[in-house]
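Data file: work_29.cif. Format and content: mmCIF, C-alpha atoms.
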data_final
#
loop_
_atom_site.label_atom_id
_atom_site.label_comp_id
_atom_site.auth_asym_id
_atom_site.auth_seq_id
_atom_site.Cartn_x
_atom_site.Cartn_y
_atom_site.Cartn_z
CA PHE R 1 159.90 334.51 175.29
CA ARG R 2 160.88 335.27 178.84
CA ALA R 3 160.35 338.93 179.66
CA GLN R 4 163.51 340.94 179.20
CA THR R 5 164.49 344.56 179.46
CA GLY R 6 165.14 346.36 176.21
CA ARG R 7 165.35 349.63 174.32
CA ARG R 8 162.66 350.91 171.97
CA LEU R 9 163.37 353.24 169.09
CA GLN R 10 161.24 354.56 166.28
CA SER R 11 162.03 352.89 162.94
CA LYS R 12 162.05 354.67 159.60
CA SER R 13 158.91 352.80 158.60
CA GLY R 14 157.04 354.17 161.59
CA GLY R 15 156.97 350.85 163.46
CA MET R 16 158.59 350.44 166.82
CA LEU R 17 162.12 349.08 166.63
CA VAL R 18 162.99 346.89 169.54
CA ILE R 19 166.42 345.69 170.57
CA LYS R 20 166.07 343.07 173.24
CA HIS R 21 168.04 340.39 174.95
CA VAL R 22 166.27 337.05 174.61
CA GLY R 23 167.90 334.38 176.76
CA HIS R 24 171.56 334.83 175.75
CA ILE R 25 170.81 335.83 172.14
CA TRP R 26 170.46 339.40 170.91
CA ARG R 27 167.95 339.91 168.12
CA ARG R 28 166.33 342.99 166.62
CA GLY R 29 163.13 343.50 164.68
CA VAL R 30 160.29 345.84 163.84
CA ILE R 31 157.01 345.30 165.63
CA SER R 32 154.13 345.02 163.21
CA GLY R 33 150.59 345.96 164.04
CA GLY R 34 149.26 342.50 163.17
CA ARG R 35 146.50 341.04 165.30
CA GLY R 36 147.63 338.72 168.06
CA LEU R 37 151.36 339.46 167.77
CA SER R 38 152.95 340.43 171.06
CA VAL R 39 156.10 342.52 171.27
CA ARG R 40 158.09 339.47 172.27
CA ALA R 41 156.66 337.15 169.64
CA ALA R 42 157.50 339.63 166.89
CA GLN R 43 161.22 339.10 167.44
CA ARG R 44 163.26 336.60 165.47
CA LEU R 45 164.18 333.91 167.98
CA ASP R 46 167.54 332.25 167.26
CA ILE R 47 166.73 328.53 166.98
CA GLY R 48 170.11 327.37 165.66
CA GLY R 49 171.47 324.18 167.24
CA ILE R 50 170.55 320.57 167.94
CA TYR R 51 167.27 319.35 169.46
CA PRO R 52 166.23 315.82 170.31
CA PRO R 53 162.52 315.28 169.63
CA ILE R 54 162.03 313.56 172.94
CA ALA R 55 160.17 310.28 173.35
CA THR R 56 157.34 309.89 175.84
CA PRO R 57 157.86 306.97 178.26
CA PHE R 58 154.74 305.00 179.16
CA THR R 59 154.05 302.53 181.94
CA GLN R 60 152.83 299.00 181.27
CA GLU R 61 149.31 300.31 181.85
CA GLY R 62 149.77 302.90 179.11
CA ASP R 63 149.99 305.95 181.38
CA ILE R 64 152.69 308.59 180.98
CA ASP R 65 155.69 307.60 183.08
CA TYR R 66 156.67 310.98 184.48
CA GLN R 67 159.43 309.57 186.69
CA SER R 68 161.19 308.09 183.66
CA LEU R 69 160.64 311.31 181.74
CA ASP R 70 162.28 313.29 184.54
CA GLU R 71 165.27 310.93 184.54
CA ASN R 72 165.75 311.47 180.81
CA LEU R 73 165.45 315.23 181.19
CA GLN R 74 168.17 315.29 183.84
CA LYS R 75 170.55 313.57 181.46
CA TYR R 76 169.60 315.73 178.49
CA GLY R 77 170.21 318.83 180.60
CA GLY R 78 173.93 318.02 180.61
CA ILE R 79 174.25 317.70 176.83
CA PRO R 80 174.90 320.85 174.76
CA PHE R 81 171.50 320.83 173.06
CA ARG R 82 169.96 324.16 172.03
CA GLY R 83 166.74 322.80 173.47
CA LEU R 84 164.21 319.98 173.25
CA VAL R 85 161.33 319.34 170.89
CA VAL R 86 158.38 318.18 172.97
CA GLN R 87 155.34 316.51 171.42
CA GLY R 88 156.92 315.99 168.01
CA SER R 89 156.41 312.83 165.98
CA ASN R 90 158.71 310.80 168.25
CA GLY R 91 156.70 311.88 171.28
CA GLU R 92 153.66 309.91 170.00
CA TYR R 93 151.51 313.03 170.16
CA PRO R 94 148.77 311.59 167.89
CA TYR R 95 148.03 309.06 170.64
CA MET R 96 147.64 311.62 173.41
CA THR R 97 144.85 313.79 174.70
CA ALA R 98 145.20 317.56 174.44
CA GLU R 99 145.59 317.72 178.21
CA GLU R 100 148.45 315.21 178.17
CA ARG R 101 150.25 317.08 175.41
CA VAL R 102 150.15 320.36 177.31
CA ASP R 103 151.04 318.79 180.66
CA ILE R 104 154.21 317.21 179.27
CA VAL R 105 155.35 320.57 177.90
CA ARG R 106 154.75 322.14 181.30
CA ARG R 107 156.77 319.40 183.02
CA VAL R 108 159.65 319.69 180.59
CA LYS R 109 159.81 323.48 180.89
CA LEU R 110 160.07 323.27 184.66
CA ALA R 111 162.81 320.63 184.52
CA LEU R 112 165.09 322.21 181.91
CA PRO R 113 167.74 324.89 182.48
CA GLN R 114 166.45 328.30 181.38
CA THR R 115 169.15 328.50 178.71
CA LYS R 116 167.53 325.64 176.75
CA LEU R 117 164.53 326.22 174.50
CA VAL R 118 161.32 324.23 174.58
CA MET R 119 159.92 323.83 171.07
CA ALA R 120 156.43 322.36 171.48
CA GLY R 121 154.50 320.51 168.81
CA SER R 122 151.10 322.21 168.51
CA GLY R 123 149.93 321.07 165.10
CA CYS R 124 146.36 319.81 164.70
CA GLU R 125 144.27 319.10 161.62
CA SER R 126 142.12 322.23 161.79
CA THR R 127 143.38 325.80 161.92
CA ARG R 128 141.09 326.55 164.87
CA ALA R 129 142.43 323.64 166.93
CA THR R 130 146.04 324.53 166.07
CA VAL R 131 145.51 328.13 167.18
CA GLN R 132 144.06 326.93 170.48
CA MET R 133 146.80 324.34 171.02
CA SER R 134 149.53 326.89 170.27
CA GLU R 135 148.07 329.23 172.87
CA CYS R 136 147.96 326.39 175.41
CA MET R 137 151.57 325.41 174.68
CA ALA R 138 152.68 329.01 175.14
CA SER R 139 150.86 329.18 178.47
CA ALA R 140 152.61 325.95 179.50
CA GLY R 141 155.99 327.58 178.91
CA ALA R 142 156.90 326.76 175.30
CA ASP R 143 159.43 329.19 173.79
CA CYS R 144 158.16 328.44 170.28
CA VAL R 145 155.74 326.03 168.62
CA LEU R 146 156.39 323.46 165.90
CA VAL R 147 153.40 323.21 163.57
CA VAL R 148 153.09 320.17 161.34
CA THR R 149 151.26 320.44 158.04
CA PRO R 150 147.57 319.41 158.23
CA SER R 151 147.23 316.43 155.92
CA PHE R 152 144.03 314.45 156.40
CA TYR R 153 142.53 316.23 153.40
CA ARG R 154 145.90 316.38 151.67
CA GLY R 155 144.32 316.54 148.21
CA ARG R 156 143.00 320.00 149.08
CA MET R 157 146.11 321.23 150.88
CA SER R 158 147.25 323.62 148.15
CA SER R 159 149.86 326.33 148.70
CA SER R 160 147.00 328.78 149.20
CA ALA R 161 145.33 326.62 151.86
CA LEU R 162 148.58 326.04 153.73
CA ILE R 163 149.61 329.70 153.59
CA HIS R 164 146.22 330.68 155.02
CA HIS R 165 146.49 328.03 157.75
CA TYR R 166 149.96 329.01 158.90
CA THR R 167 149.24 332.73 158.66
CA GLN R 168 146.21 332.39 160.92
CA VAL R 169 148.22 330.35 163.42
CA ALA R 170 151.17 332.77 163.39
CA ASP R 171 148.92 335.80 163.69
CA SER R 172 147.43 334.40 166.89
CA SER R 173 150.37 332.61 168.49
CA PRO R 174 151.91 334.32 171.54
CA VAL R 175 155.26 332.66 170.69
CA PRO R 176 157.19 332.20 167.43
CA VAL R 177 156.13 329.51 164.97
CA VAL R 178 158.36 326.92 163.27
CA LEU R 179 156.95 325.19 160.18
CA TYR R 180 157.18 321.39 160.17
CA ASN R 181 157.49 319.43 156.93
CA VAL R 182 157.48 315.65 157.40
CA PRO R 183 156.28 313.99 154.18
CA ALA R 184 157.04 310.46 155.45
CA ASN R 185 154.17 310.87 157.93
CA THR R 186 151.87 313.26 156.10
CA SER R 187 152.43 312.26 152.45
CA LEU R 188 152.52 316.01 151.85
CA ASP R 189 155.45 318.30 151.03
CA LEU R 190 154.99 321.89 152.14
CA PRO R 191 155.59 323.64 148.78
CA VAL R 192 158.72 325.78 148.55
CA ASP R 193 156.69 328.73 147.26
CA ALA R 194 154.52 328.53 150.39
CA VAL R 195 157.60 328.40 152.63
CA VAL R 196 159.08 331.46 150.91
CA HIS R 197 155.82 333.37 151.32
CA LEU R 198 155.46 332.38 154.98
CA SER R 199 159.09 333.29 155.74
CA GLN R 200 158.02 336.93 155.46
CA HIS R 201 155.66 336.64 158.42
CA PRO R 202 157.24 338.29 161.49
CA ASN R 203 156.15 335.46 163.78
CA ILE R 204 157.36 332.55 161.63
CA VAL R 205 161.05 332.04 162.35
CA GLY R 206 161.98 328.87 160.50
CA ILE R 207 161.21 325.36 159.32
CA LYS R 208 162.07 321.84 160.36
CA ASP R 209 162.34 319.89 157.11
CA SER R 210 162.44 316.11 157.49
CA GLY R 211 162.14 315.23 153.80
CA GLY R 212 165.87 314.76 153.26
CA ASP R 213 165.92 316.56 149.90
CA ILE R 214 169.11 318.62 150.12
CA THR R 215 168.34 320.45 146.88
CA ARG R 216 165.05 321.60 148.41
CA ILE R 217 166.71 322.61 151.69
CA GLY R 218 169.35 324.60 149.83
CA LEU R 219 166.70 326.31 147.72
CA ILE R 220 164.70 327.30 150.80
CA VAL R 221 167.83 328.73 152.44
CA HIS R 222 168.68 330.63 149.26
CA LYS R 223 165.22 332.10 148.72
CA THR R 224 164.65 333.14 152.33
CA ARG R 225 168.03 334.67 153.19
CA SER R 226 166.68 338.20 153.21
CA GLN R 227 164.06 337.22 155.80
CA ASP R 228 166.46 335.92 158.47
CA PHE R 229 164.60 332.60 158.12
CA GLN R 230 166.18 329.54 159.75
CA VAL R 231 166.20 325.97 158.44
CA LEU R 232 166.58 322.93 160.69
CA ALA R 233 167.37 319.50 159.28
CA GLY R 234 164.81 316.95 160.40
CA SER R 235 167.20 314.03 160.71
CA ALA R 236 170.79 313.23 161.70
CA GLY R 237 171.18 311.19 158.52
CA PHE R 238 171.58 314.29 156.37
CA LEU R 239 172.70 316.76 159.03
CA MET R 240 176.12 317.46 157.52
CA ALA R 241 174.67 317.94 154.06
CA ALA R 242 172.06 320.33 155.45
CA TYR R 243 174.69 322.38 157.24
CA SER R 244 176.70 322.57 154.02
CA VAL R 245 173.83 324.35 152.23
CA GLY R 246 173.01 326.73 155.06
CA ALA R 247 170.90 324.97 157.68
CA VAL R 248 171.44 326.24 161.22
CA GLY R 249 170.79 323.05 163.17
CA GLY R 250 168.71 319.91 163.37
CA VAL R 251 165.87 318.17 165.14
CA CYS R 252 167.26 314.65 165.21
CA ALA R 253 165.65 311.52 166.65
CA LEU R 254 169.10 309.96 167.01
CA ALA R 255 170.04 312.72 169.46
CA ASN R 256 167.80 310.97 172.01
CA VAL R 257 170.38 308.17 171.97
CA LEU R 258 173.68 309.66 170.74
CA GLY R 259 173.17 313.23 171.82
CA GLU R 260 176.81 314.13 172.43
CA GLN R 261 177.80 312.71 169.05
CA VAL R 262 175.12 314.57 167.11
CA CYS R 263 176.11 317.80 168.85
CA GLU R 264 179.75 317.08 167.98
CA LEU R 265 178.78 316.64 164.32
CA ALA R 266 177.07 320.02 164.42
CA HIS R 267 180.17 321.59 165.99
CA LEU R 268 182.45 320.11 163.35
CA CYS R 269 180.23 321.51 160.61
CA THR R 270 179.93 324.99 162.07
CA SER R 271 183.68 325.15 162.72
CA GLY R 272 184.56 324.08 159.18
CA GLN R 273 186.12 320.73 160.09
CA TRP R 274 184.47 318.97 157.18
CA GLU R 275 186.70 315.88 156.96
CA LYS R 276 186.11 315.00 160.59
CA ALA R 277 182.44 315.80 160.15
CA ARG R 278 182.21 313.47 157.17
CA ASP R 279 183.78 310.58 159.09
CA LEU R 280 181.36 311.02 161.98
CA GLN R 281 178.40 311.46 159.65
CA TYR R 282 179.15 308.12 158.00
CA ARG R 283 178.94 306.35 161.37
CA LEU R 284 175.60 307.94 162.22
CA ILE R 285 173.74 307.10 159.01
CA GLU R 286 172.77 303.48 159.76
CA PRO R 287 171.85 304.04 163.43
CA ASN R 288 169.79 307.04 162.38
CA THR R 289 167.93 305.08 159.72
CA ALA R 290 167.28 302.33 162.27
CA VAL R 291 165.52 304.63 164.76
CA THR R 292 163.58 306.52 162.10
CA ARG R 293 162.48 305.05 158.78
CA LYS R 294 163.37 301.41 159.53
CA PHE R 295 161.99 300.74 163.02
CA GLY R 296 160.44 304.08 164.00
CA VAL R 297 159.52 304.99 167.55
CA PRO R 298 159.70 301.39 168.87
CA GLY R 299 163.27 301.19 167.59
CA LEU R 300 164.14 304.55 169.10
CA LYS R 301 162.77 303.58 172.50
CA GLN R 302 164.67 300.29 172.50
CA ALA R 303 167.92 302.02 171.59
CA MET R 304 167.36 304.52 174.39
CA GLU R 305 167.23 301.64 176.87
CA TRP R 306 170.59 300.32 175.63
CA PHE R 307 172.22 303.72 176.13
CA GLY R 308 170.98 304.38 179.63
CA TYR R 309 167.77 306.29 178.96
CA ARG R 310 164.21 305.33 179.81
CA GLY R 311 162.37 304.62 176.58
CA GLY R 312 159.49 302.57 177.91
CA ILE R 313 156.84 300.93 175.79
CA CYS R 314 154.79 302.58 173.06
CA ARG R 315 151.10 303.25 173.13
CA PHE R 316 149.01 300.92 171.04
CA PRO R 317 148.64 300.33 168.18
CA LEU R 318 152.47 300.67 168.00
CA GLN R 319 154.08 297.32 168.76
CA THR R 320 157.42 296.45 170.31
CA LEU R 321 160.11 295.03 168.05
CA SER R 322 160.31 291.33 167.24
CA LYS R 323 163.40 289.31 168.11
CA VAL R 324 164.64 289.53 164.52
CA GLU R 325 164.10 293.28 164.45
CA LEU R 326 165.97 293.67 167.75
CA GLU R 327 168.96 291.86 166.28
CA GLU R 328 168.91 294.10 163.21
CA LEU R 329 168.67 297.21 165.36
CA ARG R 330 171.60 296.14 167.50
CA ALA R 331 173.67 295.38 164.40
CA ASP R 332 173.04 298.85 163.00
CA PHE R 333 174.58 300.36 166.12
CA SER R 334 177.31 297.81 166.80
CA SER R 335 178.62 297.70 163.23
CA ASN R 336 179.33 301.43 163.49
CA GLY R 337 181.11 301.15 166.83
CA TRP R 338 178.36 302.45 169.12
CA LEU R 339 177.60 299.20 170.96
#
Same coordinates, now as structure tokens:
Amino acid sequence: FRAQTGRRLQSKSGGMLVIKHVGHIWRRGVISGGRGLSVRAAQRLDIGGIYPPIATPFTQEGDIDYQSLDENLQKYGGIPFRGLVVQGSNGEYPYMTAEERVDIVRRVKLALPQTKLVMAGSGCESTRATVQMSECMASAGADCVLVVTPSFYRGRMSSSALIHHYTQVADSSPVPVVLYNVPANTSLDLPVDAVVHLSQHPNIVGIKDSGGDITRIGLIVHKTRSQDFQVLAGSAGFLMAAYSVGAVGGVCALANVLGEQVCELAHLCTSGQWEKARDLQYRLIEPNTAVTRKFGVPGLKQAMEWFGYRGGICRFPLQTLSKVELEELRADFSSNGWL
């Protein structure tokens, strides 16, 4: 968090009660004595709203195209996003060095208005590496870190193992932690019982759930209400449904392309205009599927080019779309009135 002035009072439990202004959001919480938790990190950061998990443009030589990235950031700065997710799955973080991952976060933080959050992907396979990466992301300016489930040894990733992993990361992180469940990439669902347990940690503020199981999302919301725990939908395809069961926002790949429209869907949901929300949601389902499950990052980057953003090429081994795939991608947008 950015340093802010605040009042400190003694709580009934003996901990220090802090009431602070964080950005433009007031939150309150009791500071625990846990190792590695700073006063600021112990607060419950309000993460509600829409975030595009931004793509990383590359040059033909495979280097990061910072000029194109800056152009995209200028445009995103004018859209009512809560913030940006940097180095998420759509940022191709598995294909980057640790230095590149941190440098992009630093660049984004400097370019964005201070009112917008930077949620930085810091997940690695080992707990030790994730702790170190989270500290680096915080130093680079991240307001919170998004930590994907370790999955290489998925057969041994029990609730106990995952609770231990996330607890160690949250204990050490200088900024709040957001859990990241993305079974399409990891072939692993973060168990609900583990989420409920972790929601009690003072430095774990929420979860991005990309699985699309609305029953699961609703259950997580229900079982964590007393913890002020926040759930973000991981896709625009089920954003309305997620809002209807208590989600507070979404990290949506489609927002890289149709950012205003995804934000409008969120507004319609939060203002109770469900019929209008339903009509807009219908028109976003096929384009969303096209840039996620169907064509992935190459499809997202191509769509960005059509809508005035700089997508660039992907790093190998990801391949550009074939002519047939391009036609299908265009049809998914044009048939819904977007092209």
Discussion item. I need the residue nearest Glu275 in chain R from this list: R:Ala142, R:Gly211, R:Thr130, R:Met240. Use only C-alpha atoms for the distance.
Written reply: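 Of R:Ala142, R:Gly211, R:Thr130, R:Met240, the one nearest Glu275 in chain R is R:Met240, counting only C-alpha atoms.
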Discussion item. Just want the 12 Å neighbourhood of Leu162 in chain R, counted on all atoms listed in the file, with same-chain residues fewer than 5 positions away dropped. Output as number ranges by chain.
Written reply: R: 125-127, 147-151, 153-157, 167-169, 179-181, 188-195, 197-198
Worksheet item: Which distance in Å separates CA of Leu329 in chain R and CA of Lys276 in chain R, to one decimal?
Response: 25.4 Å
Would you kindly return, as a CSV table (one decimal) with C-alpha atoms, in the coordinates of the input, each protein, DNA or RNA residue with an atom no farther than 7 Å from any atom of range 200-209 of chain R, considering all atoms listed in the file and excluding same-chain residues fewer than 6 positions away?
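Just written: part.csv:
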chain,number,residue,atom,x,y,z
R,41,ALA,CA,156.7,337.2,169.6
R,42,ALA,CA,157.5,339.6,166.9
R,44,ARG,CA,163.3,336.6,165.5
R,45,LEU,CA,164.2,333.9,168.0
R,170,ALA,CA,151.2,332.8,163.4
R,176,PRO,CA,157.2,332.2,167.4
R,177,VAL,CA,156.1,329.5,165.0
R,178,VAL,CA,158.4,326.9,163.3
R,179,LEU,CA,157.0,325.2,160.2
R,180,TYR,CA,157.2,321.4,160.2
R,181,ASN,CA,157.5,319.4,156.9
R,182,VAL,CA,157.5,315.6,157.4
R,227,GLN,CA,164.1,337.2,155.8
R,229,PHE,CA,164.6,332.6,158.1
R,230,GLN,CA,166.2,329.5,159.8
R,231,VAL,CA,166.2,326.0,158.4
R,232,LEU,CA,166.6,322.9,160.7
R,233,ALA,CA,167.4,319.5,159.3
R,234,GLY,CA,164.8,317.0,160.4
Practice prompt. Could you jot down the CA of Asp103 in chain R to CA of Asp70 in chain R separation for me, Å, one decimal place?
Written response: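 CA of Asp103 in chain R sits 13.1 Å away from CA of Asp70 in chain R.
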Fill in: Selection: 8 Å around Asn336 in chain R, all atoms listed in the file, excl. self and same-chain fewer than 5 positions, as a PyMOL selection string
chain R and resi 283-284+286-287
Worksheet item: Applied to the shown file, which residues does the PyMOL selection byres ((chain R and resi 241) around 12) return, written as a PyMOL selection string?
Response: chain R and resi 212-218+232-240+242-250+265-266+269-270+274+277-278+281-282+285
Practice prompt. Show me as number ranges by chain the residues that reach within 9 Å of (170.9, 307.5, 172.2), counting only C-alpha atoms and using the file's own coordinates.
Written response: R: 253-260, 300, 303-309
Fill in: the PyMOL selection byres ((chain R and resi 52) around 7) applied to the shown file, residues as a ChimeraX atom specification
/R:50-51,53-54,84-85,251-253,255-256
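You will find CA of Ser68 in chain R at 28.4 Å from CA of Val175 in chain R.
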